[in-house]
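Contents: one structure, followed by commentary.
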Amino acid sequence: MTLVDFLPTLLRGALVTLEATVLSAAVALVVSVVVGLVRLSRFRVLRGVALVYVEVFRGTSALVQLFYFFFVLPLLGIDLSPMTAGVLALGLNFGSYGSEVVRAAVLNVPRGQHEAAVALNYSPALAMRRIVFPQALAAMLPPFGNLLIDLLKATSLLSLITIGDLTFAGKTLVQGQGHVTEVYSLLLVIYFVMALALGRLMQAAERRVPGAVVKEAAR
Amino acid sequence: MGAESRQPILSLRGVSKSYGSVQILREIDLDVGAGQRIALIGPSGSGKTTLLRLVMTLETPEAGTIEVEGELLGLRRAGDRLVKDRGAHLRSVRGKIGMVFQHFNLFPHMTALQNIMDGPVHVRGLSKEKARAHALDLLSKVGLRQKADSYPRQLSGGQQQRVAIARALAMEPKILLFDEITSALDPELVGEVLTIVRNLANETGTTMLIVTHEMGFAREVADRVLFMEGGRIVEDGDPEQVFANPRSERTKAFLGAVLHR
Amino acid sequence: MSFDFDYAWQILPVLLQATLVTFQATLGGMLLALVLGLMLELLRRSGIPPVVYATRGAVSFIRGTPLLIQLYFLYYVLPLYGLTLNTLTTGILGLGLHYGAYLSEVYRAGIDGVPKGQWEAAVALNASRFHTWARLILPQAVPPMLPVFGNYLIAMFKDTPLLATITLLELLGTAQAEAAISYRYLEPYTLVGLIFLVLSWPSASLVRLLEKRINAENRNGR
């Protein structure tokens with residue numbers, strides 16, 4: 001077998017990798033915004049809960065969280081498919097990092113903007129929705145872009161909970177066909193190409209948002 | 001002048017404020033009549049800006065109360081105590097007050113027109129068409145109709161401040177606060193902004209509180225001048241009296257230093 | 001399914017011992033990464049085009065590919081070319097290479113952060129290359145880098161479970177082994193999670209404190 005013969009299997013795995021990345025990213029995005037804003041809430045209890053969530057998911061390893069969702073949750077009565085468990089675990093993990101990005105971006109909006117909103121009699125919720133968050137968005141995109149690429153790489157861990165992603169496909173090929181060097185090299189290259197493509201995509205997205213600082217240097 | 005027979009539009013009683021160990025305002029008592037144009041002058045740190053910020057509810061007084069048309073501002077009665085006011089009730093009182101800032105604080109992600117329209121549409125619930133027409137009208141009044149679709153970063157400081165004034169006016173406040181609105185401007189841009197305020201004073205009946213270093217302007221536009229120092233109102237009278245014949249020694253000293261540069 | 005505290009208490013010593021292996025991997029990996037990172041950054045600044053491009057390419061490639069695959073590569077491919085290392089060494093090598101690429105960027109930012117005037121002063125003082133770097137530039141570049149290094153250390157610590165996939169018996173690997181024998185997953189994995197949390201939460205807080213202090217010192221003039 002040659003490199004070319006490996007490609008179909010690997011590319012099928014790559015599709016699963018992309019699917020997992022997109023799904024996890026969606027979960028992470030929602031979690032980031034919700035938790036990030038809750039961390040800035042007036043209510044101390046809500047802020048506390050959000051803080052605990054962030055520290056727990058940032059403070060423990062992603063792989064440990066994956067194993068927990070895959071092995072332990074079923075024992076507690078929560079039966080999820082491997083993909084669901086994996087997407088949830090990665091989404092919650094990256095959501096905790098993303099929530100810090102949201103929080104920092106919102107806090108970085110100049111105080112004058114909040115004061116102008118008060119002077120114009122905006123309610124706090126309206127001020128956040130129309131004035132503060134749109135401005136924070138521009139600052140959030142570059143770090144989110146980096147997190148997305150990290151998420152892509154993290155999906156490789158899903159192979160360890162039986163998900164047929166690119167890494168899983170590679171491992172299976174090696175176990176069946178050998179050619180260790182070629183297969184693992186191909187894996188690295190395919191991930192690299194995907195990461196580069198994702199990076200370009202994020203740069204294009206950043207250009208669309210008014211006020212965003214677009215980093216031209218490739219990662 | 002008949003103001004005593006009507007309720008003051010704005011009333012401060014025993015208002016105090018400190019930052020850490022520094023006492024900025026000491027038991028301020030002040031009654032502002034509807035339609036008055038008050039200039040607030042005094043050295044830095046005298047509490048002029050803090051007073052404005054307290055009226056705009058950007059800060060909370062440590063002691064004392066503020067009333068707008070007889071209603072408590074930022075506070076409400078809970079039994080026999082006074083607690084912080086929030087939500088719709090706070091906004092129903094606060095909505096009568098508007099403010100123009102030293103650093104403009106325009107919304108950078110919106111055009112000049114959008115800056116002016118956003119409040120009326122989303123806070124006051126006006127239709128987009130009505131708000132747009134009103135906003136364009138205000139832009140014309142401040143001489144910037146042609147800049148409606150420009151973003152703040154494309155405007156000069158003076159232009160941004162004029163848009164900021166239009167934005168404040170769009171909410172139709174009864175009391176307008178001006179916090180050193182020309183201090184951050186290049187000298188050649190100051191005149192265009194002061195003209196707008198002068199026109200405002202002449203054409204509307206809005207109550208105005210103006211913190212300023214521009215003494216000539218204060219003398220011209222105001223019908224009442226307050227000199228503040230060390231957190232207290234040291235002098236309170238009409239412009240002629242305060243500028244020409246100040247009663248207090250400290251007022252004399254300040255004016256002497258400021259007017260003969 | 002309820003938590004079997006007796007079982008948990010029983011396996012705790014084994015897990016704590018495995019934590020030592022985790023520490024070894026983390027420290028070894030961090031030391032290697034610190035050295036490699038600096039070397040990579042100095043190579044990137046060398047001004048020799050092929051070296052610069054190769055370095056930038058390598059850094060970009062390592063940062064753009066998963067640590068897991070890099071570990072597999074080192075573990076499975078190196079022996080084929082005659083280099084067989086034990087699992088801990090392979091793990092340290094993998095972590096060191098991966099994080100070395102990230103740390104090279106930290107060095108870059110830190111060195112770029114030193115004001116241009118300092119370089120000019122070095123020229124004016126006729127300082128040697130070594131003296132310039134060792135006594136003038138690095139002492140100023142390093143303090144702001146410390147919190148960032150701290151965060152990467154904590155990140156590396158949390159990445160050590162990946163070494164279980166190349167059969168290193170660190171914390172997660174040991175828990176897996178225990179679970180395989182007892183068929184109980186709840187206690188081992190919960191304990192692993194708790195041990196990580198107990199070690200990394202305070203560490204992260206310490207790093208934040210360090211960051212605040214260094215920023216405060218910067219504001220007071222260096």
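Naming scheme: A, B, ... for chains in displayed order of the structure tokens; residues 1 onward per chain; ligands 1 onward as shown.
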List every residue of chain C that has an atom at most 6 Å from any atom of chain A, giving for each one its closest atom pair and the distance in Å to one decimal, counting only C-alpha atoms, sorted by chain and then by ascending residue number, as CSV.
```
residue,atom,partner,partner_atom,distance
C:Ser60,CA,A:Arg219,CA,5.9
C:Gly64,CA,A:Phe192,CA,5.3
C:Thr65,CA,A:Phe192,CA,5.5
C:Pro66,CA,A:Lys153,CA,4.7
C:Val77,CA,A:Thr181,CA,5.6
C:Lys158,CA,A:Ser61,CA,4.6
C:Leu186,CA,A:Val72,CA,5.4
C:Gly193,CA,A:Thr60,CA,5.9
C:Phe196,CA,A:Thr60,CA,5.3
C:Leu197,CA,A:Gly59,CA,5.1
C:Ser200,CA,A:Gly59,CA,5.4
C:Trp201,CA,A:Gly59,CA,5.6
```
How about saving the chosen residues, N, CA and C atoms kept, as a PDB file, in the first residue's frame?
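The new file result-v7.pdb reads:
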```
ATOM      1  N   SER C  60       5.848  26.751  13.624  1.00  0.00           N
ATOM      2  CA  SER C  60       4.479  26.776  13.139  1.00  0.00           C
ATOM      3  C   SER C  60       3.898  25.371  13.040  1.00  0.00           C
ATOM      4  N   GLY C  64       0.923  23.788  15.269  1.00  0.00           N
ATOM      5  CA  GLY C  64      -0.297  23.557  14.504  1.00  0.00           C
ATOM      6  C   GLY C  64      -0.731  22.111  14.441  1.00  0.00           C
ATOM      7  N   THR C  65      -0.018  21.236  15.165  1.00  0.00           N
ATOM      8  CA  THR C  65      -0.399  19.825  15.138  1.00  0.00           C
ATOM      9  C   THR C  65      -0.611  19.322  16.562  1.00  0.00           C
ATOM     10  N   PRO C  66      -1.463  18.284  16.708  1.00  0.00           N
ATOM     11  CA  PRO C  66      -1.811  17.846  18.067  1.00  0.00           C
ATOM     12  C   PRO C  66      -0.639  17.202  18.806  1.00  0.00           C
ATOM     13  N   VAL C  77       7.780   5.927  16.037  1.00  0.00           N
ATOM     14  CA  VAL C  77       8.643   6.082  14.863  1.00  0.00           C
ATOM     15  C   VAL C  77      10.123   6.079  15.231  1.00  0.00           C
ATOM     16  N   LYS C 158      -1.464  19.758  32.958  1.00  0.00           N
ATOM     17  CA  LYS C 158      -2.764  19.201  32.595  1.00  0.00           C
ATOM     18  C   LYS C 158      -2.705  18.381  31.318  1.00  0.00           C
ATOM     19  N   LEU C 186     -15.787   5.151  38.652  1.00  0.00           N
ATOM     20  CA  LEU C 186     -16.184   6.383  39.325  1.00  0.00           C
ATOM     21  C   LEU C 186     -15.085   6.903  40.250  1.00  0.00           C
ATOM     22  N   GLY C 193      -9.439  13.614  38.886  1.00  0.00           N
ATOM     23  CA  GLY C 193      -9.930  14.968  38.658  1.00  0.00           C
ATOM     24  C   GLY C 193      -9.673  15.863  39.857  1.00  0.00           C
ATOM     25  N   PHE C 196      -5.951  16.780  40.243  1.00  0.00           N
ATOM     26  CA  PHE C 196      -5.590  17.847  39.305  1.00  0.00           C
ATOM     27  C   PHE C 196      -6.109  19.188  39.772  1.00  0.00           C
ATOM     28  N   LEU C 197      -7.383  19.192  40.210  1.00  0.00           N
ATOM     29  CA  LEU C 197      -8.010  20.440  40.617  1.00  0.00           C
ATOM     30  C   LEU C 197      -7.286  21.035  41.819  1.00  0.00           C
ATOM     31  N   SER C 200      -3.919  22.386  40.569  1.00  0.00           N
ATOM     32  CA  SER C 200      -3.824  23.462  39.576  1.00  0.00           C
ATOM     33  C   SER C 200      -4.584  24.729  39.949  1.00  0.00           C
ATOM     34  N   TRP C 201      -5.695  24.637  40.677  1.00  0.00           N
ATOM     35  CA  TRP C 201      -6.437  25.846  41.031  1.00  0.00           C
ATOM     36  C   TRP C 201      -5.570  26.817  41.839  1.00  0.00           C
TER      37      TRP C 201
END
```
What residues in chain A lie within 12 Å of chain B, counting only C-alpha atoms, written as a PDB file with C-alpha atoms, in the first residue's frame?
```
ATOM      1  CA  ARG A  42     -24.811  41.646  39.802  1.00  0.00           C
ATOM      2  CA  VAL A 109     -14.765  48.214  26.820  1.00  0.00           C
ATOM      3  CA  PRO A 110     -13.998  51.758  28.047  1.00  0.00           C
ATOM      4  CA  ARG A 111     -15.933  52.995  31.044  1.00  0.00           C
ATOM      5  CA  GLY A 112     -17.068  56.041  29.054  1.00  0.00           C
ATOM      6  CA  GLN A 113     -19.245  53.773  26.931  1.00  0.00           C
ATOM      7  CA  HIS A 114     -21.098  52.487  29.991  1.00  0.00           C
ATOM      8  CA  GLU A 115     -21.478  56.074  31.230  1.00  0.00           C
ATOM      9  CA  ALA A 116     -22.836  57.274  27.905  1.00  0.00           C
ATOM     10  CA  ALA A 117     -25.394  54.463  28.068  1.00  0.00           C
ATOM     11  CA  VAL A 118     -26.454  55.590  31.540  1.00  0.00           C
ATOM     12  CA  ALA A 119     -26.679  59.184  30.363  1.00  0.00           C
ATOM     13  CA  LEU A 120     -28.994  58.043  27.586  1.00  0.00           C
ATOM     14  CA  ASN A 121     -31.065  56.046  30.083  1.00  0.00           C
ATOM     15  CA  TYR A 122     -30.286  52.581  28.738  1.00  0.00           C
ATOM     16  CA  SER A 123     -31.154  49.681  31.010  1.00  0.00           C
ATOM     17  CA  PRO A 124     -28.115  47.516  31.896  1.00  0.00           C
ATOM     18  CA  ALA A 125     -29.342  44.704  29.633  1.00  0.00           C
ATOM     19  CA  LEU A 126     -29.953  47.037  26.706  1.00  0.00           C
ATOM     20  CA  ALA A 127     -26.584  48.707  27.177  1.00  0.00           C
ATOM     21  CA  ARG A 129     -26.802  44.210  24.017  1.00  0.00           C
ATOM     22  CA  ARG A 130     -26.429  47.327  21.882  1.00  0.00           C
ATOM     23  CA  ILE A 131     -23.351  49.109  23.165  1.00  0.00           C
ATOM     24  CA  VAL A 132     -20.949  46.998  25.183  1.00  0.00           C
ATOM     25  CA  PHE A 133     -21.127  43.525  23.670  1.00  0.00           C
ATOM     26  CA  PRO A 134     -20.802  44.648  20.028  1.00  0.00           C
ATOM     27  CA  GLN A 135     -17.622  46.479  20.966  1.00  0.00           C
ATOM     28  CA  ALA A 136     -16.338  43.546  22.990  1.00  0.00           C
ATOM     29  CA  LEU A 137     -16.939  41.259  20.022  1.00  0.00           C
ATOM     30  CA  ALA A 138     -14.096  42.784  18.039  1.00  0.00           C
ATOM     31  CA  VAL A 209     -16.098  42.792  12.115  1.00  0.00           C
ATOM     32  CA  PRO A 210     -15.685  46.571  12.491  1.00  0.00           C
ATOM     33  CA  GLY A 211     -12.861  47.453  14.793  1.00  0.00           C
ATOM     34  CA  ALA A 212     -11.230  44.033  14.947  1.00  0.00           C
TER      35      ALA A 212
END
```
For this session: Can you pull out every residue within 9 Å of C:Leu88, counting only C-alpha atoms, but drop anything in the same chain fewer than 4 positions away, and send it as a list in words?
Result: Val21, Gln24, Ala25, Ile92, Leu93, Leu163, Leu168 and Leu169 of chain C
For this session: Take atom CA of C:Leu42 and atom CA of A:Asn146 and report the distance between them in Å, one decimal.
Result: 24.4 Å
Seminar exercise, completed: note - atom CA of C:Pro143 and atom CA of C:Gly91 are separated by 28.5 Å
Exercise. If you run DSSP on the backbone, which residues of chain A are alpha helix (DSSP H), as a ChimeraX atom specification?
Worked result: /A:3-38,44-59,62-67,82-107,111-119,124-127,133-154,166-177,180-208
All strand (DSSP E or B) residues (DSSP, backbone) inside stretch 90-239 of chain B, as a compact mmCIF listing (two decimals) with C-alpha atoms, in the first residue's frame:
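File result.txt, as written:
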```txt
# COMPACT_ATOMS: atom_id res chain seq x y z
CA ILE B 97 -31.55 64.05 32.73
CA GLY B 98 -29.01 63.96 29.96
CA MET B 99 -25.27 64.51 29.88
CA VAL B 100 -22.55 65.49 27.45
CA ILE B 175 -32.05 68.84 32.48
CA LEU B 176 -28.84 68.78 30.44
CA LEU B 177 -25.47 68.40 32.11
CA PHE B 178 -22.29 69.54 30.34
CA ASP B 179 -19.06 68.21 31.86
CA THR B 207 -32.40 73.50 32.29
CA MET B 208 -28.63 73.41 31.89
CA LEU B 209 -25.78 72.78 34.31
CA ILE B 210 -22.47 73.60 32.71
CA VAL B 211 -19.12 72.77 34.25
CA ARG B 224 -26.53 81.87 37.53
CA VAL B 225 -22.94 81.08 38.48
CA LEU B 226 -21.78 78.74 41.22
CA PHE B 227 -18.19 78.88 42.38
CA MET B 228 -17.10 75.69 44.09
CA GLU B 229 -14.02 74.99 46.14
CA ARG B 232 -18.56 73.37 48.89
CA ILE B 233 -20.48 76.00 46.98
CA VAL B 234 -18.62 79.13 47.97
CA GLU B 235 -20.42 81.66 45.82
CA ASP B 236 -23.86 81.64 44.17
CA GLY B 237 -25.19 84.52 42.18
```
Problem set entry | Who sits within 7 Å of stretch 18-27 of chain A, only C-alpha atoms, same chain under 4 positions skipped, as a ChimeraX atom specification | /A:14,31,87-88,90-91,148,151-152,155
Write the residues of the selection above to a file with N, CA and C atoms, as a PDB file, in the first residue's frame.
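File produced: out.pdb:
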```
ATOM      1  N   ALA A  14     -10.873  12.568   8.780  1.00  0.00           N
ATOM      2  CA  ALA A  14     -10.750  14.022   8.883  1.00  0.00           C
ATOM      3  C   ALA A  14     -12.123  14.683   8.892  1.00  0.00           C
ATOM      4  N   VAL A  31     -21.574  28.375  25.645  1.00  0.00           N
ATOM      5  CA  VAL A  31     -21.128  28.355  27.044  1.00  0.00           C
ATOM      6  C   VAL A  31     -20.276  29.583  27.358  1.00  0.00           C
ATOM      7  N   VAL A  87     -18.242  15.697  22.458  1.00  0.00           N
ATOM      8  CA  VAL A  87     -18.555  17.081  22.092  1.00  0.00           C
ATOM      9  C   VAL A  87     -18.889  17.900  23.336  1.00  0.00           C
ATOM     10  N   LEU A  88     -19.663  17.315  24.240  1.00  0.00           N
ATOM     11  CA  LEU A  88     -20.018  18.020  25.474  1.00  0.00           C
ATOM     12  C   LEU A  88     -18.787  18.317  26.308  1.00  0.00           C
ATOM     13  N   LEU A  90     -15.561  18.441  25.453  1.00  0.00           N
ATOM     14  CA  LEU A  90     -14.681  19.441  24.834  1.00  0.00           C
ATOM     15  C   LEU A  90     -15.340  20.812  24.831  1.00  0.00           C
ATOM     16  N   GLY A  91     -16.653  20.829  24.577  1.00  0.00           N
ATOM     17  CA  GLY A  91     -17.364  22.100  24.564  1.00  0.00           C
ATOM     18  C   GLY A  91     -17.315  22.787  25.910  1.00  0.00           C
ATOM     19  N   LEU A 148     -10.150  28.054  18.688  1.00  0.00           N
ATOM     20  CA  LEU A 148     -10.743  27.154  17.709  1.00  0.00           C
ATOM     21  C   LEU A 148      -9.699  26.199  17.151  1.00  0.00           C
ATOM     22  N   LEU A 151      -8.944  23.723  19.663  1.00  0.00           N
ATOM     23  CA  LEU A 151     -10.042  22.757  19.730  1.00  0.00           C
ATOM     24  C   LEU A 151      -9.882  21.699  18.643  1.00  0.00           C
ATOM     25  N   LEU A 152      -9.524  22.150  17.460  1.00  0.00           N
ATOM     26  CA  LEU A 152      -9.286  21.205  16.361  1.00  0.00           C
ATOM     27  C   LEU A 152      -8.255  20.165  16.778  1.00  0.00           C
ATOM     28  N   THR A 155      -9.516  17.606  19.373  1.00  0.00           N
ATOM     29  CA  THR A 155     -10.414  16.540  18.943  1.00  0.00           C
ATOM     30  C   THR A 155      -9.655  15.237  18.715  1.00  0.00           C
TER      31      THR A 155
END
```
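Residues within 9 Å of B:Val163, counting only C-alpha atoms and excluding same-chain residues fewer than 2 positions away, are B:Phe104, B:Leu106, B:Ala112, B:Leu113, B:Asn115, B:Ile116, B:Leu138, B:Leu139, B:Val142, B:Leu144, B:Pro152, B:Gly158, B:Gln159, B:Gln160, B:Gln161, B:Ile165, B:Ala166, B:Arg167, B:Ala168.
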Problem set entry | B:Pro8 environment, 9 Å, only C-alpha atoms, sequence neighbours closer than 6 positions dropped, as a VMD selection string | chain B and resid 31 to 34 67 to 70
Expected file contents, prior selection, C-alpha atoms, as a short mmCIF file (atom, residue, chain, number, x, y, z; two decimals), in the first residue's frame:
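Listing of selection08.cif after writing:
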```cif
data_model
loop_
_atom_site.label_atom_id
_atom_site.label_comp_id
_atom_site.auth_asym_id
_atom_site.auth_seq_id
_atom_site.Cartn_x
_atom_site.Cartn_y
_atom_site.Cartn_z
CA ASP B 31 -32.05 74.18 44.27
CA VAL B 32 -32.20 74.56 40.51
CA GLY B 33 -35.19 76.25 38.96
CA ALA B 34 -36.66 75.01 35.72
CA GLU B 67 -34.77 65.09 43.77
CA VAL B 68 -35.90 65.67 40.22
CA GLU B 69 -39.25 67.46 39.98
CA GLY B 70 -39.95 66.39 43.53
#
```
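Counting from atom CA of A:Val54, the distance to atom CA of C:Gly96 is 27.1 Å.
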Problem set entry | Within 8 Å of stretch 125-142 of chain C using only C-alpha atoms, minus same-chain residues under 3 positions, as number ranges by chain | C: 107, 110-111, 113-114, 118-119, 121-122, 145-146
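If you measure from each of B:Gly35, B:Gly45, B:Gly143, B:Pro61 to B:Arg13 using only C-alpha atoms, the closest one turns out to be B:Pro61.
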